[in-house]
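Following: one structure in structure tokens, then a few remarks.
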Amino acid sequence: MENTTAATSFTLAIVTPGGEIFRGDIQALRVPGAAGSFGVLAGHAPLVSTLAPGVLEVTTADKHQRYAVTGGLAEVQPTQVTILADDITPADALNLGQITAALATVSAEIDALLQAGDHGVKLQQAQQRKTALEVQLSLVA
């Protein structure tokens with residue numbers, strides 16, 4: 001007799017330039033894709049997406065975890081998802097005071113660059129840092 005029970009879990013691997021930070025079976029995933037947030041369940045159609053700064057949500061059999069991600073790539077296969085994250089931080093590792101201070105510093109840097117008429121790479125990098133901090137703030141506020 002053929003087994004018709006659909007798989008309810010799949011494997012997730014989260015990798016950063018510093019190494020693998022998560023590998024395990026999960027039930028659901030919400031990804032901040034560059035073209036919009038999308039959900040993934042077991043058996044999802046294959047796809048590759050760039051990641052936008054945002055919140056990555058991971059649901060396992062016993063908990064729901066949220067991560068602040070700055071960007072990267074997601075490769076989705078029916079039984080496995082690989083997240084190649086530029087930088088990713090678990091919500092429970094974030095500190096409101098540190099985020100608020102860093103946000104004030106980067107905002108002042110952006111203001112100074114704009115006043116100096118610098119619209120180059122330094123401004124773009126500062127704006128990216130600000131966006132990443134705002135995502136982190138959304139997880140702790």
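Within each chain, counting starts at residue 1; across the structure tokens, chains are named A, B, ... in the order shown, with ligands numbered 1 upward in that order.
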
* **Contacts of stretch 87-89 of chain A at 10 Å (only C-alpha atoms; same-chain gap of 6+ positions) as JSON, numbers by chain** => {"A": [14, 15, 16, 17, 18, 21, 53, 54, 55, 56, 66, 67, 68, 69, 70, 71, 72, 132, 136]}

Pull the strand (DSSP E or B) assignments for stretch 38-104 of chain A out of DSSP run on the backbone, and list those residues as a PDB file with N, CA and C atoms, in the first residue's frame.
ATOM      1  N   PHE A  38       7.642  35.633   2.142  1.00  0.00           N
ATOM      2  CA  PHE A  38       6.944  34.427   1.699  1.00  0.00           C
ATOM      3  C   PHE A  38       7.092  33.322   2.727  1.00  0.00           C
ATOM      4  N   GLY A  39       6.102  32.444   2.734  1.00  0.00           N
ATOM      5  CA  GLY A  39       6.101  31.310   3.648  1.00  0.00           C
ATOM      6  C   GLY A  39       6.560  30.048   2.951  1.00  0.00           C
ATOM      7  N   VAL A  40       7.118  29.143   3.741  1.00  0.00           N
ATOM      8  CA  VAL A  40       7.593  27.858   3.213  1.00  0.00           C
ATOM      9  C   VAL A  40       7.095  26.749   4.144  1.00  0.00           C
ATOM     10  N   LEU A  47      12.835  27.147  -5.362  1.00  0.00           N
ATOM     11  CA  LEU A  47      13.041  28.536  -5.744  1.00  0.00           C
ATOM     12  C   LEU A  47      14.289  29.068  -5.070  1.00  0.00           C
ATOM     13  N   VAL A  48      14.817  30.138  -5.642  1.00  0.00           N
ATOM     14  CA  VAL A  48      15.936  30.873  -5.046  1.00  0.00           C
ATOM     15  C   VAL A  48      15.495  32.324  -4.946  1.00  0.00           C
ATOM     16  N   SER A  49      15.738  32.942  -3.801  1.00  0.00           N
ATOM     17  CA  SER A  49      15.353  34.329  -3.590  1.00  0.00           C
ATOM     18  C   SER A  49      16.450  35.067  -2.852  1.00  0.00           C
ATOM     19  N   THR A  50      16.647  36.322  -3.200  1.00  0.00           N
ATOM     20  CA  THR A  50      17.505  37.162  -2.377  1.00  0.00           C
ATOM     21  C   THR A  50      16.697  37.560  -1.147  1.00  0.00           C
ATOM     22  N   LEU A  51      17.402  37.830  -0.060  1.00  0.00           N
ATOM     23  CA  LEU A  51      16.760  38.236   1.183  1.00  0.00           C
ATOM     24  C   LEU A  51      16.841  39.744   1.331  1.00  0.00           C
ATOM     25  N   GLY A  54      15.058  42.044   7.191  1.00  0.00           N
ATOM     26  CA  GLY A  54      13.750  41.766   7.776  1.00  0.00           C
ATOM     27  C   GLY A  54      13.819  40.684   8.817  1.00  0.00           C
ATOM     28  N   VAL A  55      12.655  40.139   9.124  1.00  0.00           N
ATOM     29  CA  VAL A  55      12.522  39.128  10.169  1.00  0.00           C
ATOM     30  C   VAL A  55      12.322  37.764   9.525  1.00  0.00           C
ATOM     31  N   LEU A  56      13.193  36.833   9.876  1.00  0.00           N
ATOM     32  CA  LEU A  56      13.082  35.435   9.472  1.00  0.00           C
ATOM     33  C   LEU A  56      12.418  34.705  10.630  1.00  0.00           C
ATOM     34  N   GLU A  57      11.311  34.009  10.361  1.00  0.00           N
ATOM     35  CA  GLU A  57      10.575  33.315  11.407  1.00  0.00           C
ATOM     36  C   GLU A  57      10.648  31.811  11.178  1.00  0.00           C
ATOM     37  N   VAL A  58      11.050  31.094  12.217  1.00  0.00           N
ATOM     38  CA  VAL A  58      11.241  29.648  12.148  1.00  0.00           C
ATOM     39  C   VAL A  58      10.332  28.982  13.172  1.00  0.00           C
ATOM     40  N   THR A  59       9.489  28.052  12.702  1.00  0.00           N
ATOM     41  CA  THR A  59       8.607  27.316  13.603  1.00  0.00           C
ATOM     42  C   THR A  59       9.039  25.855  13.618  1.00  0.00           C
ATOM     43  N   HIS A  64       8.733  28.786  18.426  1.00  0.00           N
ATOM     44  CA  HIS A  64       8.738  29.742  17.319  1.00  0.00           C
ATOM     45  C   HIS A  64       9.903  30.705  17.574  1.00  0.00           C
ATOM     46  N   GLN A  65      10.842  30.779  16.628  1.00  0.00           N
ATOM     47  CA  GLN A  65      12.006  31.643  16.775  1.00  0.00           C
ATOM     48  C   GLN A  65      11.967  32.723  15.707  1.00  0.00           C
ATOM     49  N   ARG A  66      12.444  33.919  16.087  1.00  0.00           N
ATOM     50  CA  ARG A  66      12.535  35.021  15.139  1.00  0.00           C
ATOM     51  C   ARG A  66      13.973  35.519  15.108  1.00  0.00           C
ATOM     52  N   TYR A  67      14.415  35.865  13.914  1.00  0.00           N
ATOM     53  CA  TYR A  67      15.776  36.334  13.687  1.00  0.00           C
ATOM     54  C   TYR A  67      15.731  37.631  12.880  1.00  0.00           C
ATOM     55  N   ALA A  68      16.635  38.554  13.195  1.00  0.00           N
ATOM     56  CA  ALA A  68      16.831  39.743  12.370  1.00  0.00           C
ATOM     57  C   ALA A  68      17.899  39.396  11.340  1.00  0.00           C
ATOM     58  N   VAL A  69      17.562  39.530  10.067  1.00  0.00           N
ATOM     59  CA  VAL A  69      18.495  39.200   8.993  1.00  0.00           C
ATOM     60  C   VAL A  69      18.731  40.454   8.149  1.00  0.00           C
ATOM     61  N   GLY A  72      20.950  38.390   2.066  1.00  0.00           N
ATOM     62  CA  GLY A  72      21.548  37.108   1.708  1.00  0.00           C
ATOM     63  C   GLY A  72      20.722  36.413   0.649  1.00  0.00           C
ATOM     64  N   LEU A  73      20.724  35.081   0.698  1.00  0.00           N
ATOM     65  CA  LEU A  73      20.002  34.248  -0.259  1.00  0.00           C
ATOM     66  C   LEU A  73      19.250  33.140   0.461  1.00  0.00           C
ATOM     67  N   ALA A  74      18.132  32.740  -0.124  1.00  0.00           N
ATOM     68  CA  ALA A  74      17.394  31.572   0.348  1.00  0.00           C
ATOM     69  C   ALA A  74      17.248  30.611  -0.818  1.00  0.00           C
ATOM     70  N   GLU A  75      17.627  29.349  -0.591  1.00  0.00           N
ATOM     71  CA  GLU A  75      17.407  28.306  -1.588  1.00  0.00           C
ATOM     72  C   GLU A  75      16.392  27.329  -1.007  1.00  0.00           C
ATOM     73  N   VAL A  76      15.254  27.225  -1.669  1.00  0.00           N
ATOM     74  CA  VAL A  76      14.168  26.378  -1.199  1.00  0.00           C
ATOM     75  C   VAL A  76      14.070  25.141  -2.087  1.00  0.00           C
ATOM     76  N   GLN A  80      14.253  20.678   1.931  1.00  0.00           N
ATOM     77  CA  GLN A  80      15.323  21.413   2.608  1.00  0.00           C
ATOM     78  C   GLN A  80      15.340  22.868   2.153  1.00  0.00           C
ATOM     79  N   VAL A  81      15.629  23.755   3.107  1.00  0.00           N
ATOM     80  CA  VAL A  81      15.841  25.172   2.809  1.00  0.00           C
ATOM     81  C   VAL A  81      17.203  25.550   3.368  1.00  0.00           C
ATOM     82  N   THR A  82      17.961  26.274   2.563  1.00  0.00           N
ATOM     83  CA  THR A  82      19.241  26.807   3.020  1.00  0.00           C
ATOM     84  C   THR A  82      19.164  28.322   2.969  1.00  0.00           C
ATOM     85  N   ILE A  83      19.458  28.947   4.097  1.00  0.00           N
ATOM     86  CA  ILE A  83      19.528  30.402   4.192  1.00  0.00           C
ATOM     87  C   ILE A  83      21.005  30.766   4.282  1.00  0.00           C
ATOM     88  N   LEU A  84      21.487  31.514   3.307  1.00  0.00           N
ATOM     89  CA  LEU A  84      22.850  32.041   3.329  1.00  0.00           C
ATOM     90  C   LEU A  84      22.716  33.510   3.715  1.00  0.00           C
ATOM     91  N   ALA A  85      22.907  33.789   4.996  1.00  0.00           N
ATOM     92  CA  ALA A  85      22.645  35.123   5.538  1.00  0.00           C
ATOM     93  C   ALA A  85      23.923  35.948   5.625  1.00  0.00           C
ATOM     94  N   ILE A  88      22.858  37.590  10.718  1.00  0.00           N
ATOM     95  CA  ILE A  88      21.580  37.192  11.306  1.00  0.00           C
ATOM     96  C   ILE A  88      21.744  37.105  12.815  1.00  0.00           C
ATOM     97  N   THR A  89      20.729  37.598  13.537  1.00  0.00           N
ATOM     98  CA  THR A  89      20.790  37.624  14.996  1.00  0.00           C
ATOM     99  C   THR A  89      19.469  37.118  15.558  1.00  0.00           C
ATOM    100  N   PRO A  90      19.520  36.141  16.467  1.00  0.00           N
ATOM    101  CA  PRO A  90      18.285  35.685  17.113  1.00  0.00           C
ATOM    102  C   PRO A  90      17.667  36.815  17.933  1.00  0.00           C
TER     103      PRO A  90
END

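The gap separating atom CA of A:Leu133 from atom CA of A:Glu109 is 13.9 Å, in Å to one decimal.
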
* Please report, as number ranges by chain, each residue of chain A to which DSSP assigns alpha helix (DSSP H) when run on this structure's backbone. => A: 96-115, 121-140

Grab the residues selected above and save them as a compact mmCIF listing (two decimals), in the first residue's frame with N, CA, C and O atoms.
# COMPACT_ATOMS: atom_id res chain seq x y z
N LEU A 96 17.93 46.15 23.63
CA LEU A 96 17.28 47.40 23.26
C LEU A 96 18.21 48.60 23.43
O LEU A 96 18.29 49.46 22.54
N GLY A 97 18.93 48.66 24.52
CA GLY A 97 19.83 49.79 24.77
C GLY A 97 20.93 49.89 23.72
O GLY A 97 21.23 51.00 23.23
N GLN A 98 21.52 48.77 23.38
CA GLN A 98 22.58 48.77 22.38
C GLN A 98 22.04 49.16 21.00
O GLN A 98 22.69 49.91 20.26
N ILE A 99 20.87 48.66 20.66
CA ILE A 99 20.27 48.98 19.36
C ILE A 99 19.94 50.47 19.29
O ILE A 99 20.24 51.14 18.29
N THR A 100 19.35 51.00 20.34
CA THR A 100 18.97 52.41 20.37
C THR A 100 20.20 53.31 20.24
O THR A 100 20.19 54.29 19.48
N ALA A 101 21.27 52.97 20.95
CA ALA A 101 22.51 53.77 20.88
C ALA A 101 23.12 53.70 19.48
O ALA A 101 23.54 54.72 18.91
N ALA A 102 23.17 52.50 18.91
CA ALA A 102 23.74 52.33 17.57
C ALA A 102 22.89 53.05 16.52
O ALA A 102 23.43 53.65 15.58
N LEU A 103 21.58 53.05 16.71
CA LEU A 103 20.68 53.74 15.79
C LEU A 103 20.90 55.25 15.84
O LEU A 103 20.92 55.91 14.80
N ALA A 104 21.09 55.80 17.04
CA ALA A 104 21.38 57.23 17.17
C ALA A 104 22.69 57.59 16.49
O ALA A 104 22.79 58.61 15.79
N THR A 105 23.70 56.74 16.66
CA THR A 105 25.02 56.98 16.05
C THR A 105 24.94 56.95 14.53
O THR A 105 25.45 57.85 13.86
N VAL A 106 24.29 55.94 13.98
CA VAL A 106 24.23 55.83 12.52
C VAL A 106 23.34 56.93 11.93
O VAL A 106 23.62 57.43 10.84
N SER A 107 22.31 57.34 12.64
CA SER A 107 21.46 58.43 12.16
C SER A 107 22.25 59.74 12.09
O SER A 107 22.12 60.50 11.12
N ALA A 108 23.08 59.98 13.11
CA ALA A 108 23.93 61.18 13.11
C ALA A 108 24.95 61.11 11.97
O ALA A 108 25.23 62.12 11.31
N GLU A 109 25.48 59.92 11.71
CA GLU A 109 26.42 59.74 10.61
C GLU A 109 25.75 60.04 9.27
O GLU A 109 26.33 60.72 8.41
N ILE A 110 24.54 59.56 9.09
CA ILE A 110 23.79 59.81 7.85
C ILE A 110 23.54 61.30 7.68
O ILE A 110 23.75 61.86 6.60
N ASP A 111 23.12 61.97 8.76
CA ASP A 111 22.88 63.42 8.69
C ASP A 111 24.15 64.17 8.29
O ASP A 111 24.11 65.07 7.46
N ALA A 112 25.28 63.78 8.89
CA ALA A 112 26.55 64.44 8.58
C ALA A 112 26.95 64.22 7.12
O ALA A 112 27.42 65.15 6.45
N LEU A 113 26.76 63.02 6.64
CA LEU A 113 27.09 62.73 5.24
C LEU A 113 26.21 63.52 4.28
O LEU A 113 26.68 64.05 3.27
N LEU A 114 24.93 63.61 4.60
CA LEU A 114 24.02 64.37 3.75
C LEU A 114 24.36 65.86 3.76
O LEU A 114 24.34 66.51 2.71
N GLN A 115 24.68 66.38 4.94
CA GLN A 115 25.06 67.80 5.03
C GLN A 115 26.33 68.09 4.26
O GLN A 115 26.49 69.17 3.70
N VAL A 121 29.22 55.75 -1.46
CA VAL A 121 29.21 54.44 -0.81
C VAL A 121 29.06 54.55 0.71
O VAL A 121 28.34 53.75 1.31
N LYS A 122 29.70 55.52 1.32
CA LYS A 122 29.60 55.67 2.78
C LYS A 122 28.15 55.89 3.21
O LYS A 122 27.70 55.32 4.20
N LEU A 123 27.43 56.72 2.46
CA LEU A 123 26.03 56.97 2.78
C LEU A 123 25.20 55.70 2.61
O LEU A 123 24.39 55.35 3.46
N GLN A 124 25.43 54.99 1.52
CA GLN A 124 24.70 53.75 1.26
C GLN A 124 24.95 52.73 2.37
O GLN A 124 24.01 52.08 2.85
N GLN A 125 26.19 52.59 2.80
CA GLN A 125 26.51 51.64 3.86
C GLN A 125 25.86 52.04 5.18
O GLN A 125 25.34 51.19 5.91
N ALA A 126 25.87 53.34 5.48
CA ALA A 126 25.24 53.82 6.71
C ALA A 126 23.73 53.59 6.67
O ALA A 126 23.13 53.19 7.67
N GLN A 127 23.12 53.80 5.51
CA GLN A 127 21.68 53.57 5.39
C GLN A 127 21.35 52.08 5.54
O GLN A 127 20.33 51.72 6.13
N GLN A 128 22.22 51.21 5.04
CA GLN A 128 22.01 49.77 5.21
C GLN A 128 22.13 49.36 6.67
O GLN A 128 21.35 48.54 7.17
N ARG A 129 23.11 49.95 7.38
CA ARG A 129 23.24 49.67 8.82
C ARG A 129 22.01 50.16 9.57
O ARG A 129 21.51 49.48 10.48
N LYS A 130 21.49 51.32 9.19
CA LYS A 130 20.29 51.86 9.85
C LYS A 130 19.11 50.93 9.62
O LYS A 130 18.35 50.64 10.55
N THR A 131 18.92 50.45 8.40
CA THR A 131 17.83 49.53 8.10
C THR A 131 17.95 48.26 8.93
O THR A 131 16.96 47.78 9.49
N ALA A 132 19.16 47.71 9.04
CA ALA A 132 19.37 46.50 9.83
C ALA A 132 19.03 46.75 11.30
O ALA A 132 18.39 45.92 11.96
N LEU A 133 19.42 47.91 11.82
CA LEU A 133 19.11 48.25 13.21
C LEU A 133 17.61 48.44 13.42
O LEU A 133 17.07 48.06 14.47
N GLU A 134 16.93 49.01 12.45
CA GLU A 134 15.48 49.18 12.55
C GLU A 134 14.77 47.83 12.58
O GLU A 134 13.78 47.66 13.29
N VAL A 135 15.27 46.85 11.82
CA VAL A 135 14.70 45.50 11.87
C VAL A 135 14.92 44.92 13.27
O VAL A 135 13.99 44.35 13.86
N GLN A 136 16.12 45.07 13.80
CA GLN A 136 16.39 44.56 15.15
C GLN A 136 15.49 45.23 16.16
O GLN A 136 14.94 44.57 17.04
N LEU A 137 15.31 46.55 16.03
CA LEU A 137 14.45 47.29 16.95
C LEU A 137 13.01 46.76 16.92
O LEU A 137 12.36 46.64 17.96
N SER A 138 12.55 46.39 15.73
CA SER A 138 11.18 45.87 15.61
C SER A 138 10.99 44.56 16.38
O SER A 138 9.89 44.23 16.77
N LEU A 139 12.08 43.83 16.58
CA LEU A 139 12.00 42.56 17.31
C LEU A 139 12.03 42.72 18.82
O LEU A 139 11.58 41.83 19.55
N VAL A 140 12.58 43.84 19.30
CA VAL A 140 12.67 44.02 20.76
C VAL A 140 11.73 45.07 21.30
O VAL A 140 11.52 45.14 22.50

* Asked: For A:Ser9, which residue among A:Ala61, A:Ala91, A:Val31, A:Ala52 is the nearest when counting only C-alpha atoms?
  -> A:Ala61
